[in-house]
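Undergrad: Just one file: upload-v6.txt, with compact mmCIF, C-alpha atoms.
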```
# COMPACT_ATOMS: atom_id res chain seq x y z
CA MET A 1 4.64 -14.98 3.87
CA ILE A 2 7.04 -12.06 3.95
CA LYS A 3 10.05 -12.67 6.22
CA ASN A 4 12.35 -9.87 5.03
CA LYS A 5 11.75 -6.98 7.45
CA SER A 6 12.61 -4.21 5.00
CA GLN A 7 10.34 -5.72 2.36
CA LYS A 8 7.49 -6.05 4.86
CA ALA A 9 7.98 -2.50 6.16
CA THR A 10 7.87 -0.91 2.72
CA LEU A 11 4.79 -2.91 1.73
CA ILE A 12 2.89 -2.03 4.90
CA GLY A 13 4.08 1.58 4.67
CA GLY A 14 2.77 1.82 1.12
CA VAL A 15 -0.67 0.54 2.07
CA ILE A 16 -0.90 2.83 5.10
CA GLY A 17 0.32 5.78 3.03
CA SER A 18 -2.32 5.18 0.38
CA LEU A 19 -5.03 5.01 3.03
CA ILE A 20 -3.85 8.31 4.50
CA ALA A 21 -3.58 9.89 1.05
CA SER A 22 -7.14 8.94 0.17
CA SER A 23 -8.66 9.64 3.60
CA CYS A 24 -9.80 13.07 2.44
CA CYS A 25 -12.11 11.46 -0.11
CA ILE A 26 -12.91 7.95 1.12
CA GLY A 27 -13.40 8.93 4.78
CA PRO A 28 -16.40 11.24 4.32
CA ILE A 29 -18.14 8.70 2.06
CA ILE A 30 -17.65 5.86 4.56
CA PHE A 31 -18.82 8.02 7.46
CA ALA A 32 -21.82 9.22 5.46
CA PHE A 33 -22.87 5.61 4.92
CA LEU A 34 -22.47 5.03 8.65
CA GLY A 35 -24.56 8.11 9.46
CA VAL A 36 -21.79 10.23 10.98
CA SER A 37 -22.38 13.81 9.89
CA SER A 38 -19.16 15.59 10.90
CA ALA A 39 -16.97 13.46 8.65
CA GLY A 40 -16.39 16.43 6.34
CA LEU A 41 -13.53 17.36 8.63
CA LEU A 42 -11.42 14.77 6.82
CA THR A 43 -11.47 17.00 3.73
CA LYS A 44 -8.83 19.11 5.47
CA MET A 45 -6.41 16.26 4.65
CA GLU A 46 -6.68 17.18 0.94
CA GLU A 47 -3.73 19.59 1.10
CA TYR A 48 -1.43 16.77 2.29
CA ARG A 49 -2.55 14.30 -0.37
CA PRO A 50 0.20 15.01 -2.95
CA ILE A 51 2.98 14.64 -0.37
CA VAL A 52 1.58 11.45 1.12
CA SER A 53 0.91 10.07 -2.38
CA LEU A 54 4.53 10.62 -3.34
CA ILE A 55 5.74 8.90 -0.17
CA THR A 56 3.36 6.01 -0.89
CA ILE A 57 4.68 5.59 -4.43
CA LEU A 58 8.28 5.65 -3.17
CA LEU A 59 7.50 2.99 -0.56
CA LEU A 60 5.79 0.86 -3.18
CA ALA A 61 8.82 1.18 -5.46
CA LEU A 62 11.05 0.07 -2.58
CA ALA A 63 8.77 -2.90 -1.94
CA PHE A 64 9.12 -3.93 -5.60
CA TYR A 65 12.88 -3.50 -5.37
CA PHE A 66 13.17 -5.70 -2.28
CA THR A 67 10.86 -8.32 -3.77
CA TYR A 68 12.41 -8.61 -7.24
CA ARG A 69 16.08 -7.94 -6.51
CA LYS A 70 18.57 -10.76 -6.79
CA LYS A 71 19.09 -12.14 -3.32
CA PRO A 72 22.68 -12.71 -2.23
CA SER A 73 23.60 -16.36 -1.75
CA LEU A 74 24.68 -15.62 1.81
CA GLU A 75 21.19 -14.43 2.67
CA CYS A 76 19.50 -17.70 1.70
CA VAL A 77 20.95 -20.63 3.58
CA GLU A 78 19.85 -24.10 2.50
CA GLY A 79 16.65 -25.01 4.30
CA SER A 80 15.80 -21.42 5.25
CA PHE A 81 12.52 -19.72 4.43
CA CYS A 82 13.90 -17.65 1.56
CA ALA A 83 15.41 -20.74 -0.07
CA ASN A 84 11.88 -22.09 -0.51
CA PRO A 85 10.50 -21.04 -3.94
CA LYS A 86 6.94 -20.91 -2.55
CA SER A 87 7.89 -18.05 -0.23
CA ASP A 88 8.87 -15.91 -3.19
CA ILE A 89 5.58 -16.61 -4.95
CA TRP A 90 3.60 -15.55 -1.86
CA ASN A 91 5.66 -12.38 -1.49
CA LYS A 92 4.92 -11.43 -5.09
CA ARG A 93 1.21 -12.19 -4.74
CA ILE A 94 0.96 -10.05 -1.61
CA LEU A 95 2.90 -7.24 -3.29
CA TRP A 96 0.71 -7.22 -6.41
CA PHE A 97 -2.51 -7.40 -4.38
CA SER A 98 -1.31 -4.50 -2.23
CA SER A 99 -0.30 -2.57 -5.35
CA ILE A 100 -3.82 -2.91 -6.75
CA LEU A 101 -5.25 -1.64 -3.45
CA ILE A 102 -2.79 1.25 -3.37
CA ILE A 103 -3.61 2.29 -6.93
CA ALA A 104 -7.34 2.07 -6.17
CA PHE A 105 -6.96 4.25 -3.06
CA LEU A 106 -4.70 6.80 -4.72
CA THR A 107 -6.94 7.19 -7.77
CA PHE A 108 -10.21 7.11 -5.80
CA PRO A 109 -10.78 10.90 -5.95
CA TYR A 110 -10.70 10.77 -9.76
CA TRP A 111 -13.08 7.86 -10.38
CA SER A 112 -15.35 8.22 -7.35
CA ILE A 113 -17.40 10.92 -9.09
CA TYR A 114 -18.81 8.22 -11.36
CA LEU A 115 -20.16 6.24 -8.39
CA VAL A 116 -22.82 8.82 -7.60
```
Please go through the file and, once you have read it, give me the structure as structure tokens.

TA:
Amino acid sequence: MIKNKSQKATLIGGVIGSLIASSCCIGPIIFAFLGVSSAGLLTKMEEYRPIVSLITILLLALAFYFTYRKKPSLECVEGSFCANPKSDIWNKRILWFSSILIIAFLTFPYWSIYLV
């Protein structure tokens, strides 16, 4: 699991940003399936989508930086969590899974037209 606070914050920020960026398109579809009729109000978020998408991509880039950068030897003391090679594997798996979700959410408006 992710123990580095900056790495965790950028990863979570990227996922939340992608959800916000795609809320203009995914929200009305989800609410339509649930039977809520006034969900079209979320389309007003469309004008903020480019800004939030850019912030999401920057946060994702930071998450990759914190995950793949060379860790200083002072940061990883023998026996600590980051000295365990399994922790690094889990961090990378979580990052790549989140990246796939983020890409799916950010590109949803472009491929969702083929779902209908």

Undergrad: Of the candidates A:Val52, A:Ile57, A:Val15, A:Ile113, which shows the shortest atom-to-atom distance to Ile94 in chain A, using all atoms listed in the file?

TA: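 That would be A:Val15, the residue with the smallest distance to Ile94 in chain A.
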
Undergrad: Could you work out how far CA of Thr10 in chain A lies from CA of Ala63 in chain A, giving the answer in Å with one decimal?

TA: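 So the answer is 5.1 Å.
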
Undergrad: Report, in Å to a single decimal, how far apart CA of Ile51 in chain A and CA of Leu95 in chain A are.

TA: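 Between CA of Leu95 in chain A and CA of Ile51 in chain A the gap works out to 22.1 Å.
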
Undergrad: With only C-alpha atoms as the basis for distance, which of A:Phe66, A:Tyr48, A:Phe97, A:Phe105 is at the shortest distance from Lys5 in chain A?

TA: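 Among the listed residues, the smallest separation from Lys5 in chain A belongs to A:Phe66.
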
Undergrad: As an exercise, work out the distance from CA of Arg69 in chain A to CA of Ser98 in chain A in Å and give it to one decimal place.

TA: 18.2 Å

Undergrad: Which residue, A:Leu106, A:Ile89, A:Leu115, A:Leu60, has the smallest gap to Glu46 in chain A when you use all atoms listed in the file?

TA: A:Leu106

Undergrad: Return the single residue from A:Thr56, A:Ile100, A:Thr67, A:Arg93 that is closest to Ile12 in chain A, with distances computed using all atoms listed in the file.

TA: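 Ranked by minimum distance to Ile12 in chain A, first place goes to A:Thr56.
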
Undergrad: Which is closest to Ile102 in chain A among A:Pro50, A:Leu59, A:Ala9, A:Lys70, if we use all atoms listed in the file?

TA: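 Among the listed residues, A:Leu59 lies closest to Ile102 in chain A.
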
Undergrad: Counting only C-alpha atoms, find residues at most 10 Å from (-6.6, 6.0, -6.2) (file frame) and give them as a PyMOL selection string.

TA: chain A and resi 18-19+21-22+25-26+53+100-112
